[in-house]
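Structure file input_2.txt; described as compact mmCIF, C-alpha atoms.
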```
# COMPACT_ATOMS: atom_id res chain seq x y z
CA MET A 23 -25.33 160.54 61.21
CA GLU A 24 -22.41 162.93 61.53
CA LEU A 25 -22.09 163.30 57.77
CA ARG A 26 -25.71 164.24 57.09
CA GLY A 27 -25.84 167.34 54.92
CA THR A 28 -22.16 167.15 53.91
CA GLY A 29 -22.74 165.55 50.50
CA VAL A 30 -20.82 162.43 51.49
CA LYS A 31 -22.45 159.26 50.16
CA ILE A 32 -21.80 155.76 51.44
CA GLN A 33 -22.29 152.53 49.55
CA ALA A 34 -21.57 148.88 50.27
CA LEU A 35 -20.01 147.54 47.07
CA CYS A 36 -20.09 143.74 46.75
CA PRO A 37 -18.05 143.29 43.56
CA GLY A 38 -17.68 139.53 43.39
CA PHE A 39 -14.70 138.25 41.40
CA THR A 40 -13.02 141.23 39.78
CA TYR A 41 -9.95 141.25 37.54
CA THR A 42 -7.43 143.40 39.42
CA GLY A 43 -3.89 142.97 40.68
CA PHE A 44 -5.24 141.62 43.98
CA HIS A 45 -4.70 137.97 43.05
CA ASP A 46 -1.27 138.74 41.59
CA GLN A 47 0.20 139.28 45.05
CA PRO A 48 2.69 136.68 46.39
CA GLU A 49 0.16 135.45 48.95
CA TYR A 50 -2.06 134.28 46.09
CA ALA A 51 0.64 132.69 43.93
CA ALA A 52 -1.16 129.34 44.15
CA PHE A 53 -4.55 130.84 43.27
CA ASP A 54 -5.75 129.65 39.87
CA ARG A 55 -8.29 132.04 38.35
CA THR A 56 -9.51 129.30 36.01
CA VAL A 57 -11.09 127.48 38.98
CA ILE A 58 -13.73 130.22 39.01
CA PRO A 59 -15.98 130.20 35.91
CA LYS A 60 -15.23 133.11 33.54
CA ALA A 61 -18.87 134.19 33.70
CA LEU A 62 -18.39 135.14 37.37
CA TRP A 63 -15.47 137.53 36.70
CA SER A 64 -15.91 141.23 35.91
CA SER A 65 -13.51 143.95 34.88
CA ALA A 66 -12.63 146.63 37.42
CA ASP A 67 -13.96 149.26 34.99
CA LYS A 68 -17.35 147.55 34.76
CA VAL A 69 -17.60 147.18 38.54
CA ALA A 70 -16.69 150.84 39.07
CA ALA A 71 -19.17 152.03 36.43
CA GLU A 72 -22.02 150.01 37.92
CA SER A 73 -21.12 151.20 41.40
CA LEU A 74 -21.11 154.86 40.40
CA SER A 75 -24.38 154.43 38.51
CA ALA A 76 -26.00 152.80 41.55
CA LEU A 77 -24.63 155.53 43.79
CA GLY A 78 -26.25 158.11 41.52
CA ARG A 79 -29.56 156.30 42.08
CA ARG A 80 -28.93 156.42 45.85
CA GLN A 81 -28.59 152.64 45.95
CA VAL A 82 -26.81 151.85 49.21
CA ILE A 83 -25.94 148.23 48.41
CA CYS A 84 -24.46 147.52 44.99
CA ILE A 85 -23.96 144.02 43.60
CA PRO A 86 -22.69 144.60 40.06
CA GLY A 87 -23.34 142.08 37.32
CA PHE A 88 -26.37 139.94 36.62
CA ASN A 89 -24.54 136.72 37.53
CA ASN A 90 -23.57 138.08 40.96
CA ARG A 91 -27.13 139.24 41.66
CA LEU A 92 -28.44 135.85 40.54
CA LEU A 93 -26.05 134.05 42.90
CA VAL A 94 -27.23 136.21 45.79
CA ALA A 95 -30.87 135.47 44.96
CA LEU A 96 -30.20 131.75 44.66
CA SER A 97 -28.25 131.72 47.93
CA ARG A 98 -31.32 133.07 49.72
CA SER A 99 -33.55 130.24 48.49
CA SER A 100 -33.92 127.20 50.70
CA LEU A 101 -34.04 125.06 47.54
CA THR A 102 -30.85 126.26 45.87
CA ALA A 103 -28.71 127.47 48.79
CA PRO A 104 -27.46 123.94 49.68
CA LEU A 105 -26.37 123.38 46.07
CA LEU A 106 -24.45 126.66 46.02
CA ARG A 107 -22.78 125.84 49.34
CA ALA A 108 -21.70 122.46 47.95
CA ALA A 109 -20.33 124.08 44.78
CA ALA A 110 -18.47 126.71 46.81
CA SER A 111 -16.99 124.01 49.04
CA SER A 112 -15.82 122.11 45.99
CA VAL A 113 -14.11 125.20 44.57
CA THR A 114 -12.55 126.01 47.95
CA ARG A 115 -11.18 122.47 48.25
CA SER A 116 -9.79 122.73 44.74
CA ILE A 117 -8.03 126.00 45.57
CA ARG A 118 -6.54 124.52 48.75
CA VAL A 119 -5.32 121.42 46.91
CA ASN A 120 -3.57 123.55 44.29
CA LYS A 121 -1.52 125.46 46.91
```
Starting from the file, give its structure as structure tokens.
Amino acid sequence: MELRGTGVKIQALCPGFTYTGFHDQPEYAAFDRTVIPKALWSSADKVAAESLSALGRRQVICIPGFNNRLLVALSRSSLTAPLLRAAASSVTRSIRVNK
């Protein structure tokens, strides 16, 4: 831990789908945001605020938004994980088809 005592804090931010200019790049011209349910998208401001709040609580891993945390919890369950994988595959196929 070279940074111990320096005041530097590290956090793994897992933002999920966030409205930014990322998907506006030419490489993502075929990406259709409407394929992803609106409830799964967050604003960059909200993600940043939740991240900074979590950092203030010394939370090393931050998954902002209830829906994102719910998806993580469901993905860890042996009952619901296969359903989420199937849904993700369906969305991925849809994105590829739209290219």
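One finds atom CA of A:Cys36 at 14.2 Å from atom CA of A:Ser75.
Ranking A:Ser73, A:Ser65, A:Ser97, A:Ser111 by their shortest atom-to-atom distance to A:Thr42, with all atoms listed in the file included, puts A:Ser65 first.
For the set A:Asn90, A:Gln33, A:Thr40, A:Gln47, the residue with the smallest atom-to-atom gap to A:Leu77 is A:Gln33, counting all atoms listed in the file.
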- Just the residues within 10 Å of stretch 86-88 of chain A, please, counting all atoms listed in the file, with nothing from its chain fewer than 4 positions along; format it as a PyMOL selection string. chain A and resi 35-38+61-64+68-73+76+92-94
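In this structure, atom CA of A:Phe44 sits 27.8 Å away from atom CA of A:Ala103.
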- Query: What is the atom CA of A:Arg79-atom CA of A:Lys31 distance in Å, reported with one decimal?
  - Reply: 11.2 Å
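Among the candidate residues A:Ala66, A:Ile83, A:Leu74, A:Leu106, the one lying nearest to A:Phe39 is A:Ala66, with distances computed using all atoms listed in the file.
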Axis-aligned box over every listed atom of stretch 71-80 of chain A, padded by 8 Å per side: centre and edges in Å to one decimal, as lines of an AutoDock Vina configuration file?
```
center_x = -24.4
center_y = 154.1
center_z = 41.1
size_x = 26.4
size_y = 24.1
size_z = 25.4
```
